[in-house]
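Raw contents of data_34.cif, mmCIF, C-alpha atoms:
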```
data_structure
loop_
_atom_site.group_PDB
_atom_site.id
_atom_site.type_symbol
_atom_site.label_atom_id
_atom_site.label_comp_id
_atom_site.auth_asym_id
_atom_site.auth_seq_id
_atom_site.Cartn_x
_atom_site.Cartn_y
_atom_site.Cartn_z
ATOM 1 C CA MET F 1 19.896 -13.912 -4.458
ATOM 2 C CA ALA F 2 18.917 -10.574 -5.999
ATOM 3 C CA GLY F 3 18.346 -12.218 -9.374
ATOM 4 C CA TYR F 4 16.248 -14.939 -7.773
ATOM 5 C CA VAL F 5 14.046 -12.358 -6.034
ATOM 6 C CA GLU F 6 13.697 -10.431 -9.293
ATOM 7 C CA LEU F 7 12.386 -13.580 -10.967
ATOM 8 C CA LEU F 8 9.901 -14.099 -8.146
ATOM 9 C CA ARG F 9 8.595 -10.551 -8.520
ATOM 10 C CA LYS F 10 7.473 -11.472 -12.033
ATOM 11 C CA LYS F 11 5.689 -14.614 -10.914
ATOM 12 C CA SER F 12 2.033 -14.819 -9.951
ATOM 13 C CA PHE F 13 1.315 -15.406 -6.258
ATOM 14 C CA ALA F 14 -0.918 -18.309 -7.192
ATOM 15 C CA GLU F 15 2.062 -20.160 -8.743
ATOM 16 C CA CYS F 16 4.555 -19.644 -5.887
ATOM 17 C CA THR F 17 5.796 -22.602 -3.869
ATOM 18 C CA GLU F 18 6.194 -22.520 -0.095
ATOM 19 C CA ASP F 19 9.940 -21.757 -0.333
ATOM 20 C CA GLU F 20 9.286 -18.991 -2.846
ATOM 21 C CA LEU F 21 6.709 -17.418 -0.533
ATOM 22 C CA HIS F 22 9.270 -17.305 2.275
ATOM 23 C CA ALA F 23 11.808 -15.720 -0.096
ATOM 24 C CA LEU F 24 9.269 -13.081 -1.141
ATOM 25 C CA SER F 25 8.438 -12.427 2.490
ATOM 26 C CA ALA F 26 12.107 -11.749 3.258
ATOM 27 C CA ALA F 27 12.328 -9.421 0.247
ATOM 28 C CA GLY F 28 9.153 -7.642 1.341
ATOM 29 C CA ALA F 29 10.953 -6.260 4.396
ATOM 30 C CA HIS F 30 12.954 -4.023 2.043
ATOM 31 C CA LEU F 31 10.019 -2.486 0.183
ATOM 32 C CA PRO F 32 10.379 1.259 -0.544
ATOM 33 C CA VAL F 33 8.495 3.536 1.830
ATOM 34 C CA ALA F 34 6.070 6.237 0.742
ATOM 35 C CA THR F 35 6.837 9.534 2.473
ATOM 36 C CA ARG F 36 5.237 12.900 3.015
ATOM 37 C CA ARG F 37 6.757 16.284 3.739
ATOM 38 C CA SER F 38 6.592 17.314 7.377
ATOM 39 C CA ARG F 39 6.033 20.816 8.688
ATOM 40 C CA ARG F 40 9.462 20.666 10.334
ATOM 41 C CA TYR F 41 12.681 21.621 8.566
ATOM 42 C CA ARG F 42 16.249 20.367 8.615
ATOM 43 C CA ALA F 43 19.514 21.935 7.536
ATOM 44 C CA ALA F 44 20.619 21.233 3.964
ATOM 45 C CA ARG F 45 23.230 22.294 1.421
ATOM 46 C CA LYS F 46 20.564 23.678 -0.894
ATOM 47 C CA GLY F 47 16.878 24.475 -0.696
ATOM 48 C CA SER F 48 15.078 27.503 0.689
ATOM 49 C CA PRO F 49 16.966 30.183 2.656
ATOM 50 C CA ASP F 50 17.120 29.624 6.410
ATOM 51 C CA PHE F 51 16.989 33.234 7.606
ATOM 52 C CA GLN F 52 16.984 32.378 11.316
ATOM 53 C CA ARG F 53 20.209 30.344 11.213
ATOM 54 C CA THR F 54 21.788 32.830 8.814
ATOM 55 C CA LEU F 55 20.998 35.680 11.220
ATOM 56 C CA ARG F 56 22.451 33.794 14.202
ATOM 57 C CA ALA F 57 25.608 32.994 12.246
ATOM 58 C CA SER F 58 26.010 36.669 11.295
ATOM 59 C CA PHE F 59 26.546 37.616 14.963
ATOM 60 C CA ARG F 60 29.983 35.985 14.706
ATOM 61 C CA THR F 61 30.929 38.053 11.653
ATOM 62 C CA GLY F 62 30.010 41.567 12.708
ATOM 63 C CA ALA F 63 26.340 41.248 11.705
ATOM 64 C CA GLU F 64 27.334 40.532 8.102
ATOM 65 C CA PRO F 65 25.560 37.467 6.576
ATOM 66 C CA VAL F 66 28.756 35.916 5.272
ATOM 67 C CA HIS F 67 27.653 32.318 5.754
ATOM 68 C CA ARG F 68 24.219 31.719 4.277
ATOM 69 C CA THR F 69 22.352 28.600 5.331
ATOM 70 C CA TRP F 70 19.571 26.603 3.683
ATOM 71 C CA ARG F 71 16.810 24.295 4.783
ATOM 72 C CA VAL F 72 14.392 21.699 3.406
ATOM 73 C CA ARG F 73 11.322 20.045 4.838
ATOM 74 C CA LYS F 74 11.771 16.781 6.701
ATOM 75 C CA CYS F 75 10.147 13.668 5.268
ATOM 76 C CA ARG F 76 8.033 11.308 7.347
ATOM 77 C CA PRO F 77 6.801 7.867 6.290
ATOM 78 C CA ARG F 78 3.134 7.701 5.397
ATOM 79 C CA LYS F 79 0.787 5.284 7.054
ATOM 80 C CA VAL F 80 -0.006 2.195 5.000
ATOM 81 C CA ILE F 81 -3.317 0.373 5.451
ATOM 82 C CA LEU F 82 -3.647 -3.084 3.895
ATOM 83 C CA LEU F 83 -7.181 -4.414 3.400
ATOM 84 C CA LEU F 84 -6.800 -8.057 2.377
ATOM 85 C CA ASP F 85 -9.612 -10.126 0.915
ATOM 86 C CA VAL F 86 -9.464 -13.635 2.432
ATOM 87 C CA SER F 87 -12.737 -14.920 0.948
ATOM 88 C CA GLY F 88 -13.031 -18.215 -0.911
ATOM 89 C CA SER F 89 -12.405 -16.664 -4.331
ATOM 90 C CA MET F 90 -9.077 -15.243 -3.084
ATOM 91 C CA ALA F 91 -7.929 -18.459 -1.382
ATOM 92 C CA VAL F 92 -4.925 -19.002 -3.688
ATOM 93 C CA TYR F 93 -3.648 -15.484 -2.928
ATOM 94 C CA SER F 94 -4.520 -15.037 0.762
ATOM 95 C CA ARG F 95 -1.478 -16.848 2.166
ATOM 96 C CA ALA F 96 0.986 -14.936 -0.032
ATOM 97 C CA LEU F 97 -0.616 -11.591 0.792
ATOM 98 C CA LEU F 98 -0.355 -12.273 4.511
ATOM 99 C CA PHE F 99 3.299 -13.260 4.093
ATOM 100 C CA PHE F 100 3.951 -9.855 2.541
ATOM 101 C CA ALA F 101 1.873 -8.095 5.177
ATOM 102 C CA HIS F 102 3.864 -9.826 7.926
ATOM 103 C CA ALA F 103 7.126 -8.606 6.394
ATOM 104 C CA GLY F 104 5.796 -5.050 6.092
ATOM 105 C CA VAL F 105 4.447 -4.877 9.645
ATOM 106 C CA ARG F 106 7.697 -6.256 11.065
ATOM 107 C CA ALA F 107 9.809 -3.734 9.125
ATOM 108 C CA ARG F 108 7.591 -0.631 9.375
ATOM 109 C CA ARG F 109 5.874 0.809 12.418
ATOM 110 C CA ARG F 110 3.170 2.693 10.498
ATOM 111 C CA TRP F 111 1.605 -0.329 8.764
ATOM 112 C CA GLU F 112 -1.865 -1.635 9.639
ATOM 113 C CA VAL F 113 -3.402 -4.837 8.273
ATOM 114 C CA PHE F 114 -7.072 -5.830 8.111
ATOM 115 C CA CYS F 115 -8.621 -8.988 6.677
ATOM 116 C CA PHE F 116 -12.155 -9.186 5.393
ATOM 117 C CA ALA F 117 -14.602 -11.592 3.802
ATOM 118 C CA THR F 118 -18.055 -11.149 5.320
ATOM 119 C CA ARG F 119 -16.689 -9.108 8.248
ATOM 120 C CA LEU F 120 -13.643 -6.998 9.076
ATOM 121 C CA THR F 121 -10.820 -8.193 11.358
ATOM 122 C CA ARG F 122 -7.737 -6.263 12.435
ATOM 123 C CA VAL F 123 -4.679 -8.544 12.420
ATOM 124 C CA THR F 124 -1.783 -6.093 12.834
ATOM 125 C CA ARG F 125 -0.878 -7.416 16.283
ATOM 126 C CA GLU F 126 -1.035 -11.043 15.141
ATOM 127 C CA LEU F 127 1.344 -10.355 12.238
ATOM 128 C CA ALA F 128 3.832 -8.262 14.211
ATOM 129 C CA GLN F 129 5.641 -11.143 15.921
ATOM 130 C CA GLY F 130 7.204 -14.486 15.142
ATOM 131 C CA THR F 131 7.955 -16.243 11.877
ATOM 132 C CA PRO F 132 5.675 -15.911 8.839
ATOM 133 C CA ASP F 133 4.109 -19.316 9.521
ATOM 134 C CA GLU F 134 3.427 -18.510 13.165
ATOM 135 C CA ALA F 135 1.995 -15.097 12.277
ATOM 136 C CA LEU F 136 -0.201 -16.631 9.599
ATOM 137 C CA ARG F 137 -1.492 -19.219 12.074
ATOM 138 C CA ARG F 138 -2.411 -16.538 14.611
ATOM 139 C CA ALA F 139 -4.090 -14.409 11.941
ATOM 140 C CA SER F 140 -6.118 -17.316 10.564
ATOM 141 C CA ASP F 141 -7.281 -18.171 14.104
ATOM 142 C CA GLU F 142 -8.442 -14.581 14.557
ATOM 143 C CA VAL F 143 -10.268 -14.340 11.213
ATOM 144 C CA VAL F 144 -13.408 -16.419 11.687
ATOM 145 C CA ASP F 145 -14.760 -15.847 8.154
ATOM 146 C CA TRP F 146 -11.658 -17.139 6.339
ATOM 147 C CA ALA F 147 -12.534 -18.566 2.876
ATOM 148 C CA GLY F 148 -16.146 -17.436 3.247
ATOM 149 C CA GLY F 149 -18.265 -15.102 1.170
ATOM 150 C CA THR F 150 -17.374 -11.545 0.182
ATOM 151 C CA ARG F 151 -19.010 -8.371 1.446
ATOM 152 C CA ILE F 152 -16.554 -5.650 0.479
ATOM 153 C CA GLY F 153 -18.911 -2.698 0.905
ATOM 154 C CA GLU F 154 -19.920 -3.661 4.434
ATOM 155 C CA SER F 155 -16.299 -4.335 5.389
ATOM 156 C CA LEU F 156 -15.194 -0.929 4.080
ATOM 157 C CA LYS F 157 -18.011 0.726 6.011
ATOM 158 C CA ARG F 158 -16.917 -0.991 9.229
ATOM 159 C CA PHE F 159 -13.345 0.117 8.588
ATOM 160 C CA LEU F 160 -14.308 3.752 7.940
ATOM 161 C CA ASP F 161 -16.760 3.966 10.837
ATOM 162 C CA GLY F 162 -14.501 2.208 13.334
ATOM 163 C CA TYR F 163 -10.989 3.221 12.263
ATOM 164 C CA GLY F 164 -10.798 5.419 9.160
ATOM 165 C CA HIS F 165 -12.481 8.580 10.387
ATOM 166 C CA GLY F 166 -10.731 8.190 13.708
ATOM 167 C CA GLY F 167 -7.491 9.197 11.997
ATOM 168 C CA LEU F 168 -6.095 5.854 10.875
ATOM 169 C CA ALA F 169 -6.797 6.351 7.158
ATOM 170 C CA ARG F 170 -6.343 10.117 6.972
ATOM 171 C CA GLY F 171 -3.420 10.881 4.666
ATOM 172 C CA ALA F 172 -2.525 7.190 4.344
ATOM 173 C CA TRP F 173 -1.939 4.831 1.444
ATOM 174 C CA VAL F 174 -4.844 2.369 1.489
ATOM 175 C CA VAL F 175 -4.137 -0.822 -0.465
ATOM 176 C CA ILE F 176 -7.124 -3.095 -1.139
ATOM 177 C CA CYS F 177 -6.236 -6.575 -2.377
ATOM 178 C CA SER F 178 -9.386 -8.186 -3.750
ATOM 179 C CA ASP F 179 -10.870 -9.649 -6.927
ATOM 180 C CA GLY F 180 -13.963 -7.455 -6.527
ATOM 181 C CA LEU F 181 -16.459 -10.339 -6.471
ATOM 182 C CA GLU F 182 -19.038 -8.655 -4.253
ATOM 183 C CA PHE F 183 -21.985 -10.601 -2.788
ATOM 184 C CA GLY F 184 -23.357 -7.569 -0.957
ATOM 185 C CA ASP F 185 -24.860 -4.324 -2.179
ATOM 186 C CA PRO F 186 -22.697 -2.875 -4.998
ATOM 187 C CA GLN F 187 -24.167 0.583 -4.417
ATOM 188 C CA LEU F 188 -22.914 0.494 -0.826
ATOM 189 C CA LEU F 189 -19.452 -0.427 -2.108
ATOM 190 C CA GLY F 190 -19.445 2.578 -4.440
ATOM 191 C CA GLN F 191 -20.459 4.889 -1.585
ATOM 192 C CA GLN F 192 -17.738 3.577 0.733
ATOM 193 C CA MET F 193 -15.075 3.830 -1.970
ATOM 194 C CA LEU F 194 -16.058 7.469 -2.433
ATOM 195 C CA ARG F 195 -15.740 8.079 1.315
ATOM 196 C CA LEU F 196 -12.374 6.344 1.391
ATOM 197 C CA SER F 197 -11.001 8.209 -1.626
ATOM 198 C CA ARG F 198 -11.825 11.540 0.064
ATOM 199 C CA LEU F 199 -10.098 10.543 3.287
ATOM 200 C CA ALA F 200 -6.932 8.716 2.197
ATOM 201 C CA HIS F 201 -3.915 10.135 0.415
ATOM 202 C CA ARG F 202 -4.262 7.452 -2.257
ATOM 203 C CA VAL F 203 -6.369 4.327 -2.676
ATOM 204 C CA VAL F 204 -4.834 1.428 -4.579
ATOM 205 C CA TRP F 205 -6.862 -1.582 -5.670
ATOM 206 C CA LEU F 206 -4.853 -4.695 -6.506
ATOM 207 C CA ASN F 207 -6.921 -7.184 -8.460
ATOM 208 C CA PRO F 208 -5.290 -10.543 -9.316
ATOM 209 C CA LEU F 209 -7.758 -11.016 -12.171
ATOM 210 C CA LYS F 210 -6.018 -8.165 -14.019
ATOM 211 C CA GLU F 211 -3.269 -10.629 -14.899
ATOM 212 C CA ASP F 212 -5.637 -11.954 -17.580
ATOM 213 C CA PRO F 213 -5.490 -9.693 -20.680
ATOM 214 C CA ALA F 214 -9.163 -10.404 -21.392
ATOM 215 C CA TYR F 215 -10.356 -9.280 -17.959
ATOM 216 C CA GLU F 216 -12.836 -6.407 -17.710
ATOM 217 C CA PRO F 217 -14.368 -5.076 -14.450
ATOM 218 C CA LEU F 218 -17.894 -6.241 -15.254
ATOM 219 C CA VAL F 219 -18.768 -7.969 -11.965
ATOM 220 C CA ARG F 220 -20.884 -6.010 -9.512
ATOM 221 C CA GLY F 221 -18.090 -5.119 -7.099
ATOM 222 C CA ALA F 222 -15.295 -4.297 -9.542
ATOM 223 C CA GLY F 223 -17.577 -2.158 -11.681
ATOM 224 C CA ARG F 224 -18.559 0.012 -8.706
ATOM 225 C CA THR F 225 -14.954 0.635 -7.639
ATOM 226 C CA ALA F 226 -13.713 1.765 -11.059
ATOM 227 C CA PRO F 227 -14.406 5.524 -10.604
ATOM 228 C CA HIS F 228 -12.637 5.663 -7.225
ATOM 229 C CA ARG F 229 -9.674 3.317 -7.365
ATOM 230 C CA CYS F 230 -6.101 3.754 -8.526
ATOM 231 C CA LEU F 231 -5.284 1.174 -11.173
ATOM 232 C CA LEU F 232 -1.655 0.192 -10.943
ATOM 233 C CA ARG F 233 -0.275 0.577 -14.401
ATOM 234 C CA ARG F 234 3.207 1.707 -15.259
ATOM 235 C CA THR F 235 3.030 4.681 -17.568
ATOM 236 C CA GLN F 236 6.452 3.951 -19.062
ATOM 237 C CA PRO F 237 6.031 2.709 -22.651
ATOM 238 C CA ARG F 238 6.808 -0.938 -23.357
ATOM 239 C CA GLN F 239 9.894 -1.659 -25.389
ATOM 240 C CA PRO F 240 9.096 -2.520 -29.044
ATOM 241 C CA GLY F 241 9.047 -6.212 -29.846
ATOM 242 C CA ARG F 242 8.676 -7.309 -26.232
ATOM 243 C CA GLY F 243 5.635 -8.629 -24.464
ATOM 244 C CA ALA F 244 3.536 -9.142 -27.587
ATOM 245 C CA GLY F 245 0.161 -10.572 -26.709
ATOM 246 C CA ARG F 246 0.723 -10.078 -22.988
ATOM 247 C CA SER F 247 -1.337 -7.988 -20.619
ATOM 248 C CA PRO F 248 0.020 -4.431 -20.045
ATOM 249 C CA TRP F 249 -0.786 -4.844 -16.350
ATOM 250 C CA PRO F 250 1.981 -6.180 -14.075
ATOM 251 C CA THR F 251 1.338 -9.322 -12.073
ATOM 252 C CA MET F 252 -0.038 -8.921 -8.591
ATOM 253 C CA SER F 253 3.327 -9.675 -6.999
ATOM 254 C CA GLN F 254 4.989 -6.940 -9.097
ATOM 255 C CA ASN F 255 2.258 -4.490 -8.103
ATOM 256 C CA PHE F 256 2.635 -5.243 -4.405
ATOM 257 C CA ALA F 257 6.394 -4.755 -4.609
ATOM 258 C CA CYS F 258 6.200 -1.334 -6.280
ATOM 259 C CA VAL F 259 2.933 0.034 -4.902
ATOM 260 C CA LEU F 260 4.612 2.229 -2.278
ATOM 261 C CA HIS F 261 7.300 3.621 -4.565
ATOM 262 C CA GLU F 262 6.572 7.326 -5.035
ATOM 263 C CA GLY F 263 8.801 7.461 -8.126
ATOM 264 C CA VAL F 264 6.510 5.196 -10.145
ATOM 265 C CA ASN F 265 3.667 6.845 -12.010
ATOM 266 C CA TYR F 266 0.169 5.407 -11.859
ATOM 267 C CA GLU F 267 -2.991 6.088 -13.811
ATOM 268 C CA TYR F 268 -6.548 6.220 -12.524
#
```
File written out as C-alpha cells:
Amino acid sequence: MAGYVELLRKKSFAECTEDELHALSAAGAHLPVATRRSRRYRAARKGSPDFQRTLRASFRTGAEPVHRTWRVRKCRPRKVILLLDVSGSMAVYSRALLFFAHAGVRARRRWEVFCFATRLTRVTRELAQGTPDEALRRASDEVVDWAGGTRIGESLKRFLDGYGHGGLARGAWVVICSDGLEFGDPQLLGQQMLRLSRLAHRVVWLNPLKEDPAYEPLVRGAGRTAPHRCLLRRTQPRQPGRGAGRSPWPTMSQNFACVLHEGVNYEY
C-alpha cells in the first residue's frame, strides 16, 4: 500500500481516477504537521537549564544541586488555511483538492478550508463530517459559484477583512491552490497578497500549471503574486542523469503532500 501511495504522489491530480482519489484522501490524513514553539516548557533530557526544578530538587539533598534538570519549549501545531480555487479553469483539480482538504480537516483540528471563484465560501464545517463523497456534495451545494469565473483579489480581500485580521490567519500557513487566471483587478490581488504575507507565518501558492516546464507567470493574476508567494521548489539538487528534460517543479499532488513539512526547504 505504501508503494502504491508513493506512486500516486507523483501523479498529477488531473490524471487520477476515482479510486486513486480515495486512496490519496486516506493518505492525506497522515500528512506531517507544521508546528511552532510555544511559550510553555516541558521537562527534557537536554536543552536549557531548568533552574526552578533544579532548586526544588536540591531541597532533598541538603540544598546541593546534585540533580540538574533541563527543559525545552513545547511545540504546538500551526493553523493551516486552505484557499481553494474552484473556478472553471480549475475544474479538473477542484475535486481532488477537496478530497485532500476533507482528509486534513478530519485529522487536524486547526485546519480551515475556503473555496473561491467569484466569491469566498467557508466550507470547513461541510468537510468535517462523513465520507469524502458526502463532504464534497455538501461543499458543492454550499459553493454557489462553482466552476464560474475567477476573482482572486476580491476573494482574498473578503478573507482578510472577514477572517484573517480577526486572528484566523495570524501565524498560520496559508495555502492558495489556484492557476492564477485572474478576471478581476490584478493590482488589487497584489495588494491583498502583500497584506496576507505580512499577517501569515508563510504563504504558499500551489499552481498546477507549474507542472509544464514551459510555464511562466505571465497572466495578470500570477504575475502580481510573484513577489509575495512562496514557490514550492525542493532545494535539494537533482541526481545526475535523472529527470532530463523534465520540469524541476514537483507535481501539484507532491507539493500538497509535502507543503506542511517543516524539514523541507523552499525558495521564494
For this session: Could you jot down the CA of Thr118 (chain F) to CA of Arg158 (chain F) separation for me, Å, one decimal place?
Result: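 If I compute the distance from CA of Thr118 (chain F) to CA of Arg158 (chain F), I get 10.9 Å.
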Problem set entry | Two-atom distance - CA of Ala96 (chain F), CA of Leu156 (chain F) (Å) |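 Rounded to one decimal, the two atoms are 21.8 Å apart.
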For this session: Select, from F:Arg76, F:Leu98, F:Gly180, F:Val113, the residue with the minimum atom-to-atom distance to Thr131 (chain F), counting all atoms listed in the file.
Result: F:Leu98
Exercise. What lies within 12 Å of Arg53 (chain F) using all atoms listed in the file, ignoring chain neighbours under 6 positions off, as a ChimeraX atom specification?
Worked result: /F:41-44,59-60,65-71
Problem set entry | Result set of the PyMOL selection byres ((chain F and resi 171) around 6) on the coordinates above, as a list of chain:residue names |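 Applying the expression gives F:Arg170, F:Ala172, F:Ala200, F:His201.
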Problem set entry | Nearest residue to Leu160 (chain F) from the set F:Leu209, F:Ile81, F:Ala103, F:Ala91 (distances using all atoms listed in the file) |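 Closest residue, counting all atoms listed in the file: F:Ile81.
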For this session: Tell me which of F:Thr61, F:Ser38, F:Ser89, F:Gln192 sits closest to Gly149 (chain F), counting only C-alpha atoms.
Result: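 Checking each candidate against Gly149 (chain F), we get F:Ser89 as the closest.
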Seminar exercise, completed: Between CA of Leu82 (chain F) and CA of Leu188 (chain F) lies a distance of 20.2 Å
For this session: Could you state which residues are captured by the PyMOL selection byres ((chain F and resi 117) around 6) in this file, as a list in words?
Result: Asp85, Val86, Ser87, Phe116, Thr118, Arg119, Gly149, Thr150 and Arg151 of chain F
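Take the candidates F:Val203, F:Leu120, F:Val72, F:Ile152 and check each one against Leu189 (chain F) using all atoms listed in the file; the shortest distance goes to F:Ile152.
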For this session: Just say which residues the PyMOL selection byres ((chain F and resi 105) around 12) picks in this file, as a ChimeraX atom specification.
Result: /F:25,28-31,79-82,98-104,106-114,123-130,132,135
Problem set entry | Spatial neighbours of Cys177 (chain F), 8 Å, all atoms listed in the file, chain gap at least 5 places, as a PyMOL selection string | chain F and resi 82-85+205-207
Include C-alpha atoms and write out the residues we just selected as an mmCIF file, keeping the file's coordinate frame.
```
data_model
loop_
_atom_site.group_PDB
_atom_site.id
_atom_site.type_symbol
_atom_site.label_atom_id
_atom_site.label_comp_id
_atom_site.auth_asym_id
_atom_site.auth_seq_id
_atom_site.Cartn_x
_atom_site.Cartn_y
_atom_site.Cartn_z
ATOM 1 C CA LEU F 82 -3.647 -3.084 3.895
ATOM 2 C CA LEU F 83 -7.181 -4.414 3.400
ATOM 3 C CA LEU F 84 -6.800 -8.057 2.377
ATOM 4 C CA ASP F 85 -9.612 -10.126 0.915
ATOM 5 C CA TRP F 205 -6.862 -1.582 -5.670
ATOM 6 C CA LEU F 206 -4.853 -4.695 -6.506
ATOM 7 C CA ASN F 207 -6.921 -7.184 -8.460
#
```
Problem set entry | Near-Met90 (chain F) list (8 Å; all atoms listed in the file; drop same-chain fewer than 6 positions) as a PyMOL selection string | chain F and resi 147+178-179
